[in-house]
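The structure appears below as structure tokens.
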Amino acid sequence: MQEFVTACPRNCYSTCSFRVQIENNRIRRILPYSGNLATPEGPCIKGLSYIERTHSEERIVHPLIRSSSGKFSKISSNEALDIVSAKLGYIKENWGSQSILWYCGSGMSGLTNEIGYSFWKAFGGTTLTYGNLCWPAGLEAVRLTLGSVKHNVPWDLENAKTIVIWGKNPAETNIQEISFIARAKEKGCRIIVIDPLRTPTADKADILYSPKPGTDGALALALAKVLIEKDLIDHDFIGKNVFGFDELKKSLHISLSEAESITGIPAESITELAHIIASGSPVTILPGYGLQRHQNGGQTIRSVLLLSILSGNIGKPGSGFNYANLQSYIYDNLKEPLSYFPDYENDKPFRRTISMAKLGADMMKTIDPVLKAIWIERGNPVLQSPDSYNVKKAISALTFKVVVEQFMTDTASFADIILPAKDMFEESDIIGSYWSPYIQYKPKVLDTPCEVMPESEIYFRLSEKLNLNISEDLIPRPGNNNIELWLENRIKGRSEITLGHLKESPVLAPGLQQIAYEDLKFDTPSGKIEIYSSEAAMKWGISPLPVYTEIFHSQTREKYPLIFITPNTGSRIHSQFGNLKIIKKTNQKPVVSISPADAKIRHLNDGQKIRVFNENGELITRVKISNRILPGVAVLPNGIWLNEGGGGNQLIAGRETDIGFGAAFHDNLVEIEGVD
């Protein structure tokens, strides 16, 4: 039996290192690896389920073609690539290469993802997406304010005296972080949770505050006002390091009574929380990504960040605003061909007109040329994009659809050709993390089964069939030795790190600031923390100061009185892993959870069949009555497949966030009624 150290490449905070034991081309055991200080206890249940995922009988291991009857049948890899190359060539010749939409999600990270960009660029360019479904409003908010996006190393949490977990549920979605929080609590740290739901993380808190969804910005601004009016701020820190404090002070008109009316948090509790933040230094705030999945999401993050700034909790041990830590993304401009923001000049020959948040509607209105085909990899947009009805309608209308996938997902079921995707253990790669500070090597430890080809091989063989004459420096010949040479050449000269270093162990990012901003240098126009941001106004058309904007309007609330939110859970990474048997054993059937008060109004009993609906669509499911849910809120976990009874995005409109071109997933109202 052989043992290797590897790392999980999923869209998850932790990017866990772990040991994997291999025998006869099968995974036998997955074990912790202590050499990564951020993830020494090993992976979560999803990481442990790789044994099933990799060797699942349901895994697609042969190319599939859809017949006129709609059924799929196996074909050889060569047949599949002949069909794909002929169709792509025909569409390009008749409508131009930009009539093809290349959709690449975040299902598996790695430097080899760059190979797809090289192929499509050589092909002549395609239509692409801009924006991101996950976190860009918050990223842009932090960048506008602090000049870069980083935070203290995870293990520094143990130095905090107060931890404010705001709209985040690390007990399920960042389990490595909850270990550091627990150790901080053992040392006397106070744990505050702010969340409209009573999550497993909230159960571990000393105090829970539950604002109405989408009102966190109002709560943060009210807290900032109390800090200033009660003189609970760090004057020295602000005077030396902050730009725009006087303007902020003049702009804070929200009263405690107004904040109570908006958020549902009593005025005395708001004052109490302000005093906790002011007296509890060092304070670390852990904001979740759900906070910024609103149309006011960017301004919400700017508002919450004020609390770290006003209290002087930036650049010190045990302090900070831990939204994302991009210090390990030193190869990011190589790995990701697209920034989150359109740059038409530098993205030639690509034409970026399709919004991730408004995918279906934008696809259908794209002309000159109209879209004729789509290539989808590392994503499941039929399920995971907002406005699912229009996404399905837009994809169905296309002439040709290729999906690269491991399982028959909701999106794969729409394909004309399915090309089986590699598993994480079947090709070497290099990955970073947006939480831990490590750069990691992910070795090939298994041979691909049957006719599975790594995406790099798919692109190489297609480039040959299309006579694209692409340099092997851009798309290497098939074979893992060639991939490793390609990786070595791609990172050469960008830092002192070599592939050899990464093979020895995970490597801390060069120039890492274990305490982010400890030098008090900020890459902003003023060189200071910018509470007042002229760039925010010029680039995004928002107030240069953090402000609160109401999302839900009374007229709509009368017809659809429940706020519908779709949080992540510990058993899935969006739509991944939920199809596995080991995960299904730990999960109950999907339900929409509401409060007892809302159930009583609608005469609903626990477990009753219900219809959840609004102007976007409807969902037939069961109801769960729970004291963990605020009145006026309905909750369905994110990522549940349609055939499991999920599909919450059918009820969610395609809306962008105020900055960053994110998706405002949580700005939706529904009504619920019983079904006979």
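Chain labels run A, B, ... following the order of the structure tokens; each chain numbers its residues from 1, and ligands are numbered from 1 in the order shown.
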Find the spatial neighbours of Gly280 of chain A, counting only C-alpha atoms, within a cut-off of 12 Å - ignore same-chain residues fewer than 3 positions away - and output them as a PDB file with N, CA and C atoms, in the first residue's frame.
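As written to disk, around_8.pdb reads:
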ATOM      1  N   ASN A 159      -5.628  33.846  19.719  1.00  0.00           N
ATOM      2  CA  ASN A 159      -5.185  35.040  20.443  1.00  0.00           C
ATOM      3  C   ASN A 159      -6.306  36.049  20.666  1.00  0.00           C
ATOM      4  N   ALA A 160      -7.479  35.798  20.085  1.00  0.00           N
ATOM      5  CA  ALA A 160      -8.585  36.749  20.216  1.00  0.00           C
ATOM      6  C   ALA A 160      -9.210  36.669  21.608  1.00  0.00           C
ATOM      7  N   LYS A 161      -9.694  37.811  22.064  1.00  0.00           N
ATOM      8  CA  LYS A 161     -10.455  37.867  23.312  1.00  0.00           C
ATOM      9  C   LYS A 161     -11.960  37.929  23.037  1.00  0.00           C
ATOM     10  N   THR A 162     -12.292  38.378  21.825  1.00  0.00           N
ATOM     11  CA  THR A 162     -13.687  38.386  21.384  1.00  0.00           C
ATOM     12  C   THR A 162     -13.725  37.970  19.923  1.00  0.00           C
ATOM     13  N   ILE A 163     -14.583  37.033  19.603  1.00  0.00           N
ATOM     14  CA  ILE A 163     -14.781  36.622  18.213  1.00  0.00           C
ATOM     15  C   ILE A 163     -16.249  36.848  17.868  1.00  0.00           C
ATOM     16  N   VAL A 164     -16.469  37.634  16.835  1.00  0.00           N
ATOM     17  CA  VAL A 164     -17.820  37.909  16.363  1.00  0.00           C
ATOM     18  C   VAL A 164     -18.019  37.145  15.056  1.00  0.00           C
ATOM     19  N   GLY A 188     -10.753  31.707  27.357  1.00  0.00           N
ATOM     20  CA  GLY A 188     -11.532  32.816  27.900  1.00  0.00           C
ATOM     21  C   GLY A 188     -12.117  33.758  26.879  1.00  0.00           C
ATOM     22  N   CYS A 189     -11.975  33.441  25.598  1.00  0.00           N
ATOM     23  CA  CYS A 189     -12.512  34.307  24.547  1.00  0.00           C
ATOM     24  C   CYS A 189     -14.045  34.254  24.565  1.00  0.00           C
ATOM     25  N   ARG A 190     -14.666  35.427  24.370  1.00  0.00           N
ATOM     26  CA  ARG A 190     -16.125  35.498  24.276  1.00  0.00           C
ATOM     27  C   ARG A 190     -16.540  35.302  22.825  1.00  0.00           C
ATOM     28  N   ILE A 191     -17.536  34.444  22.592  1.00  0.00           N
ATOM     29  CA  ILE A 191     -17.999  34.124  21.244  1.00  0.00           C
ATOM     30  C   ILE A 191     -19.381  34.749  21.027  1.00  0.00           C
ATOM     31  N   ILE A 192     -19.455  35.638  20.059  1.00  0.00           N
ATOM     32  CA  ILE A 192     -20.701  36.301  19.688  1.00  0.00           C
ATOM     33  C   ILE A 192     -21.105  35.798  18.305  1.00  0.00           C
ATOM     34  N   LEU A 232     -16.077  55.256  22.189  1.00  0.00           N
ATOM     35  CA  LEU A 232     -15.525  53.920  22.396  1.00  0.00           C
ATOM     36  C   LEU A 232     -14.574  53.519  21.272  1.00  0.00           C
ATOM     37  N   GLU A 272     -25.389  47.119  23.922  1.00  0.00           N
ATOM     38  CA  GLU A 272     -24.603  46.079  24.602  1.00  0.00           C
ATOM     39  C   GLU A 272     -23.516  45.526  23.688  1.00  0.00           C
ATOM     40  N   LEU A 273     -23.869  45.236  22.442  1.00  0.00           N
ATOM     41  CA  LEU A 273     -22.898  44.668  21.504  1.00  0.00           C
ATOM     42  C   LEU A 273     -21.796  45.666  21.192  1.00  0.00           C
ATOM     43  N   ALA A 274     -22.130  46.928  21.060  1.00  0.00           N
ATOM     44  CA  ALA A 274     -21.108  47.950  20.810  1.00  0.00           C
ATOM     45  C   ALA A 274     -20.093  47.986  21.951  1.00  0.00           C
ATOM     46  N   HIS A 275     -20.562  47.894  23.181  1.00  0.00           N
ATOM     47  CA  HIS A 275     -19.649  47.905  24.332  1.00  0.00           C
ATOM     48  C   HIS A 275     -18.797  46.631  24.368  1.00  0.00           C
ATOM     49  N   ILE A 276     -19.365  45.504  23.954  1.00  0.00           N
ATOM     50  CA  ILE A 276     -18.585  44.263  23.905  1.00  0.00           C
ATOM     51  C   ILE A 276     -17.434  44.407  22.913  1.00  0.00           C
ATOM     52  N   ILE A 277     -17.723  44.953  21.739  1.00  0.00           N
ATOM     53  CA  ILE A 277     -16.691  45.130  20.709  1.00  0.00           C
ATOM     54  C   ILE A 277     -15.624  46.105  21.192  1.00  0.00           C
ATOM     55  N   VAL A 283     -10.273  41.867  18.971  1.00  0.00           N
ATOM     56  CA  VAL A 283     -11.533  41.372  18.421  1.00  0.00           C
ATOM     57  C   VAL A 283     -11.309  40.906  16.987  1.00  0.00           C
ATOM     58  N   THR A 284     -11.750  39.701  16.684  1.00  0.00           N
ATOM     59  CA  THR A 284     -11.764  39.222  15.301  1.00  0.00           C
ATOM     60  C   THR A 284     -13.213  39.066  14.859  1.00  0.00           C
ATOM     61  N   ILE A 285     -13.535  39.630  13.708  1.00  0.00           N
ATOM     62  CA  ILE A 285     -14.859  39.475  13.111  1.00  0.00           C
ATOM     63  C   ILE A 285     -14.754  38.473  11.970  1.00  0.00           C
ATOM     64  N   SER A 308     -14.316  46.811  12.903  1.00  0.00           N
ATOM     65  CA  SER A 308     -12.911  46.460  13.127  1.00  0.00           C
ATOM     66  C   SER A 308     -12.034  47.698  13.056  1.00  0.00           C
ATOM     67  N   SER A 311     -12.611  50.303  16.116  1.00  0.00           N
ATOM     68  CA  SER A 311     -12.093  49.783  17.386  1.00  0.00           C
ATOM     69  C   SER A 311     -10.597  49.514  17.343  1.00  0.00           C
ATOM     70  N   GLY A 312      -9.953  49.800  16.194  1.00  0.00           N
ATOM     71  CA  GLY A 312      -8.508  49.614  16.074  1.00  0.00           C
ATOM     72  C   GLY A 312      -8.079  48.173  15.978  1.00  0.00           C
ATOM     73  N   ASN A 313      -8.977  47.301  15.526  1.00  0.00           N
ATOM     74  CA  ASN A 313      -8.674  45.872  15.458  1.00  0.00           C
ATOM     75  C   ASN A 313      -8.256  45.444  14.056  1.00  0.00           C
ATOM     76  N   GLY A 318      -4.693  38.429  17.062  1.00  0.00           N
ATOM     77  CA  GLY A 318      -6.010  38.194  17.643  1.00  0.00           C
ATOM     78  C   GLY A 318      -7.104  39.090  17.113  1.00  0.00           C
ATOM     79  N   SER A 319      -6.776  39.923  16.149  1.00  0.00           N
ATOM     80  CA  SER A 319      -7.755  40.887  15.646  1.00  0.00           C
ATOM     81  C   SER A 319      -7.956  40.677  14.153  1.00  0.00           C
TER      82      SER A 319
END
*asked:* Would you pick out the contacts of Phe460 of chain A at 9 Å or less, using only C-alpha atoms, so that residues sharing its chain but fewer than 3 positions from it are not included, and give the list as a list of chain:residue names?
replied: A:Ile115, A:Phe119, A:Glu455, A:Ser456, A:Glu457, A:Ser463, A:Glu464, A:Lys465, A:Ile470, A:Glu472, A:Ile475, A:Pro476, A:Arg477, A:Pro478
_Those in segment 343-579 of chain A with strand (DSSP E) from DSSP, as a PyMOL selection string_ = chain A and resi 351-355+373-377+400-405+417-420+429-431+438-442+507-508+529-530+562-565
*Write out as number ranges by chain the residues lying within 12 Å of Glu427 of chain A, counting only C-alpha atoms and excluding same-chain residues fewer than 6 positions away.*
A: 6, 9, 108, 110-113, 421, 441-448, 452-457, 478-484, 487
Go ahead and write the selection's residues with N, CA and C atoms as a short mmCIF file (atom, residue, chain, number, x, y, z; two decimals), in the first residue's frame.
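Written file, part08.cif:
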data_model
loop_
_atom_site.label_atom_id
_atom_site.label_comp_id
_atom_site.auth_asym_id
_atom_site.auth_seq_id
_atom_site.Cartn_x
_atom_site.Cartn_y
_atom_site.Cartn_z
N THR A 6 -1.91 14.84 -0.07
CA THR A 6 -2.61 15.58 -1.11
C THR A 6 -3.42 16.70 -0.48
N PRO A 9 -9.26 20.16 -3.54
CA PRO A 9 -9.30 21.32 -4.42
C PRO A 9 -10.69 21.95 -4.57
N MET A 108 -13.77 22.57 -9.13
CA MET A 108 -12.45 22.06 -8.73
C MET A 108 -11.41 23.08 -9.11
N GLY A 110 -7.45 24.70 -9.37
CA GLY A 110 -6.13 24.22 -9.74
C GLY A 110 -5.54 25.02 -10.88
N LEU A 111 -4.22 25.02 -10.93
CA LEU A 111 -3.52 25.77 -11.97
C LEU A 111 -3.80 25.21 -13.36
N THR A 112 -4.09 23.90 -13.45
CA THR A 112 -4.34 23.31 -14.77
C THR A 112 -5.62 23.84 -15.41
N ASN A 113 -6.47 24.52 -14.65
CA ASN A 113 -7.66 25.12 -15.24
C ASN A 113 -7.30 26.15 -16.31
N ALA A 421 -15.36 13.65 -16.57
CA ALA A 421 -14.32 14.49 -15.98
C ALA A 421 -13.42 13.68 -15.06
N TYR A 441 0.62 21.14 -3.40
CA TYR A 441 0.74 20.24 -4.55
C TYR A 441 -0.24 19.10 -4.37
N LYS A 442 -0.99 18.83 -5.41
CA LYS A 442 -1.96 17.72 -5.43
C LYS A 442 -1.47 16.69 -6.43
N PRO A 443 -0.90 15.59 -5.98
CA PRO A 443 -0.29 14.64 -6.91
C PRO A 443 -1.31 13.72 -7.57
N LYS A 444 -0.96 13.24 -8.73
CA LYS A 444 -1.71 12.14 -9.34
C LYS A 444 -1.37 10.87 -8.58
N VAL A 445 -2.40 10.19 -8.06
CA VAL A 445 -2.17 8.96 -7.30
C VAL A 445 -2.98 7.80 -7.84
N LEU A 446 -3.88 8.07 -8.80
CA LEU A 446 -4.70 7.02 -9.41
C LEU A 446 -4.70 7.17 -10.92
N ASP A 447 -4.82 6.06 -11.62
CA ASP A 447 -5.05 6.10 -13.06
C ASP A 447 -6.53 6.33 -13.32
N THR A 448 -6.84 7.04 -14.40
CA THR A 448 -8.23 7.28 -14.73
C THR A 448 -8.91 5.98 -15.17
N VAL A 452 -12.12 7.86 -19.16
CA VAL A 452 -12.01 9.20 -18.57
C VAL A 452 -10.70 9.83 -19.01
N MET A 453 -10.77 11.07 -19.46
CA MET A 453 -9.57 11.83 -19.81
C MET A 453 -9.52 13.09 -18.94
N PRO A 454 -8.38 13.43 -18.38
CA PRO A 454 -8.26 14.74 -17.74
C PRO A 454 -8.63 15.84 -18.74
N GLU A 455 -9.16 16.93 -18.25
CA GLU A 455 -9.54 18.03 -19.12
C GLU A 455 -8.37 18.51 -19.98
N SER A 456 -7.17 18.44 -19.43
CA SER A 456 -5.99 18.84 -20.21
C SER A 456 -5.85 17.97 -21.46
N GLU A 457 -6.14 16.67 -21.32
CA GLU A 457 -6.06 15.77 -22.47
C GLU A 457 -7.20 16.03 -23.45
N PRO A 478 -0.74 14.67 -23.47
CA PRO A 478 -1.27 13.81 -22.41
C PRO A 478 -0.16 13.06 -21.68
N GLY A 479 -0.40 12.82 -20.41
CA GLY A 479 0.59 12.13 -19.57
C GLY A 479 0.95 12.99 -18.38
N ASN A 480 0.94 12.39 -17.20
CA ASN A 480 1.16 13.19 -16.00
C ASN A 480 2.57 13.75 -15.91
N ASN A 481 3.55 13.06 -16.50
CA ASN A 481 4.91 13.62 -16.50
C ASN A 481 4.93 14.95 -17.25
N ASN A 482 4.17 15.01 -18.34
CA ASN A 482 4.09 16.26 -19.09
C ASN A 482 3.35 17.34 -18.32
N ILE A 483 2.32 16.93 -17.59
CA ILE A 483 1.60 17.89 -16.74
C ILE A 483 2.52 18.46 -15.67
N GLU A 484 3.31 17.60 -15.05
CA GLU A 484 4.20 18.09 -14.00
C GLU A 484 5.27 19.01 -14.57
N LEU A 487 3.51 22.26 -15.07
CA LEU A 487 3.35 22.96 -13.79
C LEU A 487 4.65 23.61 -13.35
#
Skipping near chain neighbours, those fewer than 4 positions away, what residues fall within 12 Å of Gly147 of chain A using only C-alpha atoms, listed as a CSV table (one decimal) with all heavy atoms, in the first residue's frame?
chain,number,residue,atom,x,y,z
A,139,LEU,N,-15.5,40.7,-1.6
A,139,LEU,CA,-14.1,40.9,-2.0
A,139,LEU,C,-13.8,42.3,-2.4
A,139,LEU,O,-12.8,42.9,-2.0
A,139,LEU,CB,-13.7,40.0,-3.2
A,139,LEU,CG,-13.6,38.5,-3.0
A,139,LEU,CD1,-13.3,37.8,-4.3
A,139,LEU,CD2,-12.4,38.2,-2.0
A,140,GLU,N,-14.7,42.9,-3.2
A,140,GLU,CA,-14.5,44.2,-3.6
A,140,GLU,C,-14.7,45.2,-2.5
A,140,GLU,O,-14.0,46.2,-2.4
A,140,GLU,CB,-15.5,44.6,-4.8
A,140,GLU,CG,-15.4,45.9,-5.4
A,140,GLU,CD,-14.2,46.2,-6.2
A,140,GLU,OE1,-13.2,45.4,-6.1
A,140,GLU,OE2,-14.1,47.2,-6.8
A,141,ALA,N,-15.6,45.0,-1.6
A,141,ALA,CA,-15.8,45.8,-0.4
A,141,ALA,C,-14.5,45.9,0.4
A,141,ALA,O,-14.1,47.0,0.8
A,141,ALA,CB,-16.9,45.3,0.4
A,142,VAL,N,-13.9,44.7,0.7
A,142,VAL,CA,-12.6,44.7,1.4
A,142,VAL,C,-11.5,45.4,0.7
A,142,VAL,O,-10.7,46.2,1.2
A,142,VAL,CB,-12.3,43.3,1.8
A,142,VAL,CG1,-10.9,43.2,2.5
A,142,VAL,CG2,-13.3,42.6,2.7
A,143,ARG,N,-11.4,45.1,-0.6
A,143,ARG,CA,-10.4,45.7,-1.4
A,143,ARG,C,-10.5,47.3,-1.5
A,143,ARG,O,-9.5,48.0,-1.3
A,143,ARG,CB,-10.4,45.2,-2.9
A,143,ARG,CG,-9.2,45.6,-3.7
A,143,ARG,CD,-9.5,45.4,-5.2
A,143,ARG,NE,-10.5,46.3,-5.7
A,143,ARG,CZ,-10.3,47.6,-6.1
A,143,ARG,NH1,-9.2,48.1,-5.9
A,143,ARG,NH2,-11.4,48.3,-6.5
A,516,ALA,N,-2.1,40.1,9.2
A,516,ALA,CA,-2.4,40.9,8.0
A,516,ALA,C,-2.4,42.4,8.4
A,516,ALA,O,-2.9,42.8,9.4
A,516,ALA,CB,-3.8,40.5,7.4
A,517,TYR,N,-1.7,43.1,7.5
A,517,TYR,CA,-1.6,44.6,7.6
A,517,TYR,C,-0.8,45.0,8.9
A,517,TYR,O,-1.0,46.2,9.3
A,517,TYR,CB,-3.0,45.3,7.7
A,517,TYR,CG,-3.9,44.8,6.6
A,517,TYR,CD1,-5.0,44.0,6.9
A,517,TYR,CD2,-3.8,45.2,5.3
A,517,TYR,CE1,-5.9,43.5,5.9
A,517,TYR,CE2,-4.6,44.7,4.3
A,517,TYR,CZ,-5.7,43.9,4.6
A,517,TYR,OH,-6.5,43.4,3.6
A,520,LEU,N,0.8,48.2,8.6
A,520,LEU,CA,-0.1,49.4,8.5
A,520,LEU,C,0.0,50.1,7.2
A,520,LEU,O,-0.1,51.3,7.1
A,520,LEU,CB,0.0,50.3,9.7
A,520,LEU,CG,-0.3,49.7,11.1
A,520,LEU,CD1,-0.1,50.8,12.2
A,520,LEU,CD2,-1.7,49.2,11.1
A,521,LYS,N,0.3,49.2,6.1
A,521,LYS,CA,0.4,49.8,4.8
A,521,LYS,C,-0.8,49.2,4.0
A,521,LYS,O,-1.1,48.0,4.0
A,521,LYS,CB,1.7,49.3,4.1
A,521,LYS,CG,2.9,49.9,4.7
A,521,LYS,CD,4.2,49.5,4.0
A,521,LYS,CE,5.4,50.1,4.6
A,521,LYS,NZ,6.7,49.6,3.9
A,522,PHE,N,-1.5,50.1,3.3
A,522,PHE,CA,-2.8,49.8,2.6
A,522,PHE,C,-2.7,50.3,1.2
A,522,PHE,O,-2.4,51.5,1.0
A,522,PHE,CB,-3.9,50.4,3.4
A,522,PHE,CG,-4.0,50.1,4.8
A,522,PHE,CD1,-3.4,50.9,5.8
A,522,PHE,CD2,-4.6,48.8,5.2
A,522,PHE,CE1,-3.5,50.5,7.2
A,522,PHE,CE2,-4.6,48.5,6.6
A,522,PHE,CZ,-4.0,49.3,7.5
A,523,ASP,N,-2.9,49.4,0.3
A,523,ASP,CA,-2.8,49.7,-1.1
A,523,ASP,C,-4.0,50.4,-1.7
A,523,ASP,O,-4.7,49.9,-2.6
A,523,ASP,CB,-2.5,48.4,-1.9
A,523,ASP,CG,-2.1,48.6,-3.4
A,523,ASP,OD1,-1.7,49.8,-3.7
A,523,ASP,OD2,-2.2,47.7,-4.2
A,524,THR,N,-4.4,51.5,-1.1
A,524,THR,CA,-5.5,52.3,-1.5
A,524,THR,C,-5.0,53.6,-2.1
A,524,THR,O,-3.8,54.0,-1.9
A,524,THR,CB,-6.4,52.6,-0.3
A,524,THR,OG1,-5.6,53.3,0.7
A,524,THR,CG2,-7.0,51.4,0.3
A,525,PRO,N,-5.8,54.4,-2.8
A,525,PRO,CA,-5.3,55.7,-3.3
A,525,PRO,C,-4.7,56.6,-2.3
A,525,PRO,O,-3.7,57.3,-2.6
A,525,PRO,CB,-6.6,56.3,-4.0
A,525,PRO,CG,-7.4,55.1,-4.4
A,525,PRO,CD,-7.1,54.1,-3.3
A,526,SER,N,-5.2,56.6,-1.1
A,526,SER,CA,-4.7,57.5,0.0
A,526,SER,C,-3.6,56.8,0.8
A,526,SER,O,-2.9,57.5,1.5
A,526,SER,CB,-5.8,57.8,0.9
A,526,SER,OG,-6.3,56.7,1.6
A,527,GLY,N,-3.4,55.5,0.6
A,527,GLY,CA,-2.4,54.8,1.4
A,527,GLY,C,-2.9,54.5,2.8
A,527,GLY,O,-2.1,54.0,3.6
A,528,LYS,N,-4.2,54.8,3.1
A,528,LYS,CA,-4.8,54.6,4.3
A,528,LYS,C,-6.0,53.7,4.2
A,528,LYS,O,-6.4,53.4,3.0
A,528,LYS,CB,-5.2,55.9,5.0
A,528,LYS,CG,-4.0,56.8,5.4
A,528,LYS,CD,-4.5,58.0,6.2
A,528,LYS,CE,-3.4,58.9,6.6
A,528,LYS,NZ,-3.9,60.0,7.4
A,529,ILE,N,-6.5,53.2,5.3
A,529,ILE,CA,-7.8,52.5,5.2
A,529,ILE,C,-8.9,53.6,4.8
A,529,ILE,O,-9.0,54.7,5.3
A,529,ILE,CB,-8.2,52.0,6.6
A,529,ILE,CG1,-7.2,50.9,7.1
A,529,ILE,CG2,-9.6,51.4,6.6
A,529,ILE,CD1,-7.4,50.5,8.5
A,530,GLU,N,-9.6,53.2,3.8
A,530,GLU,CA,-10.6,54.2,3.2
A,530,GLU,C,-12.0,53.9,3.6
A,530,GLU,O,-12.7,53.1,2.9
A,530,GLU,CB,-10.4,54.2,1.6
A,530,GLU,CG,-9.0,54.8,1.2
A,530,GLU,CD,-9.0,55.4,-0.2
A,530,GLU,OE1,-10.0,55.2,-0.9
A,530,GLU,OE2,-8.0,56.1,-0.5
A,531,ILE,N,-12.5,54.5,4.6
A,531,ILE,CA,-13.9,54.5,4.9
A,531,ILE,C,-14.6,55.3,3.8
A,531,ILE,O,-15.7,54.9,3.4
A,531,ILE,CB,-14.1,55.2,6.3
A,531,ILE,CG1,-13.6,54.3,7.4
A,531,ILE,CG2,-15.6,55.4,6.5
A,531,ILE,CD1,-13.7,54.9,8.8
A,533,SER,N,-14.5,56.2,0.1
A,533,SER,CA,-13.9,55.7,-1.1
A,533,SER,C,-14.4,56.3,-2.4
A,533,SER,O,-15.6,56.0,-2.8
A,533,SER,CB,-14.1,54.1,-1.2
A,533,SER,OG,-13.6,53.6,-2.5
A,535,GLU,N,-13.3,55.7,-5.2
A,535,GLU,CA,-13.3,54.7,-6.2
A,535,GLU,C,-14.7,53.9,-6.2
A,535,GLU,O,-15.2,53.5,-7.2
A,535,GLU,CB,-12.2,53.7,-6.0
A,535,GLU,CG,-12.1,52.6,-7.1
A,535,GLU,CD,-11.0,51.6,-6.9
A,535,GLU,OE1,-10.3,51.7,-5.9
A,535,GLU,OE2,-10.9,50.7,-7.7
*Given the choices A:Glu496, A:Leu468, A:Leu545, A:Val612, which gets closest to Leu252 of chain A if the distance is worked out from only C-alpha atoms?*
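Nearest to Leu252 of chain A: A:Leu545.
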_Show me, as a list in words, the residues that have an atom within 10 Å of Gly47 of chain A when counting only C-alpha atoms, minus same-chain residues fewer than 2 positions from it._
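Listed by chain and then number, they are Ala7, Cys8, Arg10, Thr15, Cys16, Ser17, Phe18, Ile30, Leu31, Gly42, Pro43, Cys44, Ile45, Ser49, Tyr50, Ile51, Arg53 and Phe577 of chain A.
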Store the residues picked out above in a file with N, CA and C atoms, as an mmCIF file, in the first residue's frame.
data_model
loop_
_atom_site.group_PDB
_atom_site.id
_atom_site.type_symbol
_atom_site.label_atom_id
_atom_site.label_comp_id
_atom_site.auth_asym_id
_atom_site.auth_seq_id
_atom_site.Cartn_x
_atom_site.Cartn_y
_atom_site.Cartn_z
ATOM 1 N N ALA A 7 -4.240 17.374 -1.271
ATOM 2 C CA ALA A 7 -5.036 18.491 -0.764
ATOM 3 C C ALA A 7 -6.341 18.568 -1.537
ATOM 4 N N CYS A 8 -7.400 18.924 -0.842
ATOM 5 C CA CYS A 8 -8.738 18.996 -1.443
ATOM 6 C C CYS A 8 -8.868 20.276 -2.270
ATOM 7 N N ARG A 10 -11.615 21.641 -3.652
ATOM 8 C CA ARG A 10 -12.981 22.124 -3.809
ATOM 9 C C ARG A 10 -13.121 23.590 -3.396
ATOM 10 N N THR A 15 -9.430 23.954 2.198
ATOM 11 C CA THR A 15 -8.416 23.368 1.321
ATOM 12 C C THR A 15 -7.550 22.392 2.130
ATOM 13 N N CYS A 16 -8.191 21.403 2.730
ATOM 14 C CA CYS A 16 -7.528 20.511 3.685
ATOM 15 C C CYS A 16 -6.410 19.700 3.043
ATOM 16 N N SER A 17 -5.307 19.606 3.747
ATOM 17 C CA SER A 17 -4.296 18.599 3.447
ATOM 18 C C SER A 17 -4.713 17.297 4.118
ATOM 19 N N PHE A 18 -4.423 16.171 3.460
ATOM 20 C CA PHE A 18 -4.676 14.882 4.088
ATOM 21 C C PHE A 18 -3.807 13.819 3.441
ATOM 22 N N ILE A 30 -8.354 7.461 4.081
ATOM 23 C CA ILE A 30 -8.056 8.893 4.081
ATOM 24 C C ILE A 30 -7.778 9.290 5.525
ATOM 25 N N LEU A 31 -6.622 9.894 5.757
ATOM 26 C CA LEU A 31 -6.136 10.145 7.111
ATOM 27 C C LEU A 31 -5.676 11.591 7.264
ATOM 28 N N GLY A 42 -7.531 16.770 9.736
ATOM 29 C CA GLY A 42 -8.038 15.994 8.616
ATOM 30 C C GLY A 42 -9.326 16.561 8.050
ATOM 31 N N PRO A 43 -9.790 15.984 6.940
ATOM 32 C CA PRO A 43 -10.928 16.559 6.222
ATOM 33 C C PRO A 43 -12.270 16.258 6.885
ATOM 34 N N CYS A 44 -13.302 16.947 6.393
ATOM 35 C CA CYS A 44 -14.663 16.782 6.871
ATOM 36 C C CYS A 44 -15.283 15.527 6.260
ATOM 37 N N ILE A 45 -16.577 15.337 6.494
ATOM 38 C CA ILE A 45 -17.258 14.161 5.954
ATOM 39 C C ILE A 45 -17.216 14.142 4.431
ATOM 40 N N SER A 49 -15.617 11.234 2.137
ATOM 41 C CA SER A 49 -16.460 10.554 1.150
ATOM 42 C C SER A 49 -15.799 10.432 -0.214
ATOM 43 N N TYR A 50 -14.580 10.957 -0.368
ATOM 44 C CA TYR A 50 -13.874 10.794 -1.647
ATOM 45 C C TYR A 50 -13.692 9.317 -2.011
ATOM 46 N N ILE A 51 -13.632 8.455 -1.021
ATOM 47 C CA ILE A 51 -13.493 7.027 -1.328
ATOM 48 C C ILE A 51 -14.677 6.575 -2.175
ATOM 49 N N ARG A 53 -16.880 8.702 -3.743
ATOM 50 C CA ARG A 53 -17.016 9.558 -4.925
ATOM 51 C C ARG A 53 -16.113 9.088 -6.059
ATOM 52 N N PHE A 577 -21.374 16.403 -3.799
ATOM 53 C CA PHE A 577 -21.322 15.396 -2.735
ATOM 54 C C PHE A 577 -22.704 14.901 -2.288
#
